[in-house]
Amino acid sequence: PPLRDEREDAYIGATVIVRPYLKSPSSAVFPSWRDASIIKNSNGDYASYSSFEAVNSFGAKLQSHFRITVKKNGSDWIAYSAPEIEEVN
């Protein structure tokens, strides 16, 4: 099988890091990595920006955005800081 695109791998790593910061992590639905903005920086890190849907603390399903920069550390992806998360509606 073909190897995954490193941008896809970085995006999956980013969503794994973002999920615990959500009020209802198990309710989060992230789009395909192809629908996200994933930019490889000159130092090899990846900046990811994407929308997602998740249930908030009141039980309403909302669309939100996240932004995070991740880097490869062995076989894992780590973040420089906590993700920026903003509700859209």
# chains A, B, ... in the order shown; residues from 1 in each chain; ligands from 1

$ residues_around --residues "Pro25 (chain A)" --least-positions-apart "4" --cutoff "12 Å" --atoms "only C-alpha atoms" --output "MDAnalysis selection string"
chainID A and resid 15:21 29:30 52:57

$ residues_around --residues "region 32-47 of chain A" --least-positions-apart "5" --cutoff "12 Å" --atoms "only C-alpha atoms" --output "VMD selection string"
chain A and resid 4 to 15 52 65 to 73 77 to 81 83 to 84

$ write_last_selection --atoms "C-alpha atoms" --output "PDB file, in the first residue's frame"
ATOM      1  CA  ARG A   4       0.380   8.271   3.647  1.00  0.00           C
ATOM      2  CA  ASP A   5       1.132  11.839   2.675  1.00  0.00           C
ATOM      3  CA  GLU A   6       3.055  13.455   5.553  1.00  0.00           C
ATOM      4  CA  ARG A   7       0.483  16.282   5.596  1.00  0.00           C
ATOM      5  CA  GLU A   8      -2.224  13.696   6.282  1.00  0.00           C
ATOM      6  CA  ASP A   9      -0.120  12.215   9.074  1.00  0.00           C
ATOM      7  CA  ALA A  10       0.430  15.681  10.590  1.00  0.00           C
ATOM      8  CA  TYR A  11      -3.308  16.454  10.391  1.00  0.00           C
ATOM      9  CA  ILE A  12      -4.241  13.203  12.108  1.00  0.00           C
ATOM     10  CA  GLY A  13      -1.667  14.006  14.798  1.00  0.00           C
ATOM     11  CA  ALA A  14      -3.164  17.487  15.165  1.00  0.00           C
ATOM     12  CA  THR A  15      -6.704  16.147  15.621  1.00  0.00           C
ATOM     13  CA  PHE A  52     -14.910  20.540  12.898  1.00  0.00           C
ATOM     14  CA  HIS A  65     -12.234  25.903  14.003  1.00  0.00           C
ATOM     15  CA  PHE A  66      -8.872  24.884  15.353  1.00  0.00           C
ATOM     16  CA  ARG A  67      -5.352  26.046  14.628  1.00  0.00           C
ATOM     17  CA  ILE A  68      -2.251  24.231  15.836  1.00  0.00           C
ATOM     18  CA  THR A  69       1.385  23.726  14.856  1.00  0.00           C
ATOM     19  CA  VAL A  70       2.787  20.239  15.265  1.00  0.00           C
ATOM     20  CA  LYS A  71       6.161  18.611  14.778  1.00  0.00           C
ATOM     21  CA  LYS A  72       7.285  15.031  14.460  1.00  0.00           C
ATOM     22  CA  ASN A  73       8.963  13.533  17.524  1.00  0.00           C
ATOM     23  CA  TRP A  77       3.321  14.322  16.701  1.00  0.00           C
ATOM     24  CA  ILE A  78       3.665  16.956  19.409  1.00  0.00           C
ATOM     25  CA  ALA A  79       2.400  20.529  19.646  1.00  0.00           C
ATOM     26  CA  TYR A  80       4.348  23.651  20.541  1.00  0.00           C
ATOM     27  CA  SER A  81       1.417  24.954  22.577  1.00  0.00           C
ATOM     28  CA  PRO A  83      -4.456  24.555  20.160  1.00  0.00           C
ATOM     29  CA  GLU A  84      -6.456  27.683  19.381  1.00  0.00           C
TER      30      GLU A  84
END

$ atom_distance --atom1 "CA of Leu22 (chain A)" --atom2 "CA of Ser75 (chain A)"
24.2 Å

$ select_by_dssp --residues "chain A" --states "helix (DSSP H, G or I)" --output "list of chain:residue names"
A:Glu6, A:Arg7, A:Glu8, A:Asp9, A:Ala10, A:Tyr11, A:Ile12, A:Gly13, A:Ala14, A:Thr15, A:Val16, A:Ile17, A:Val18, A:Arg19, A:Pro20, A:Tyr21, A:Pro25, A:Ser26, A:Ser27, A:Trp33, A:Arg34, A:Asp35

$ atom_distance --atom1 "CA of Glu86 (chain A)" --atom2 "CA of Gln63 (chain A)"
8.9 Å

$ select_by_dssp --residues "chain A" --states "strand (DSSP E)" --output "PyMOL selection string"
chain A and resi 37-40+46-55+61-73+76-79+84-87

$ atom_distance --atom1 "CA of Ile85 (chain A)" --atom2 "CA of Gly59 (chain A)"
17.6 Å
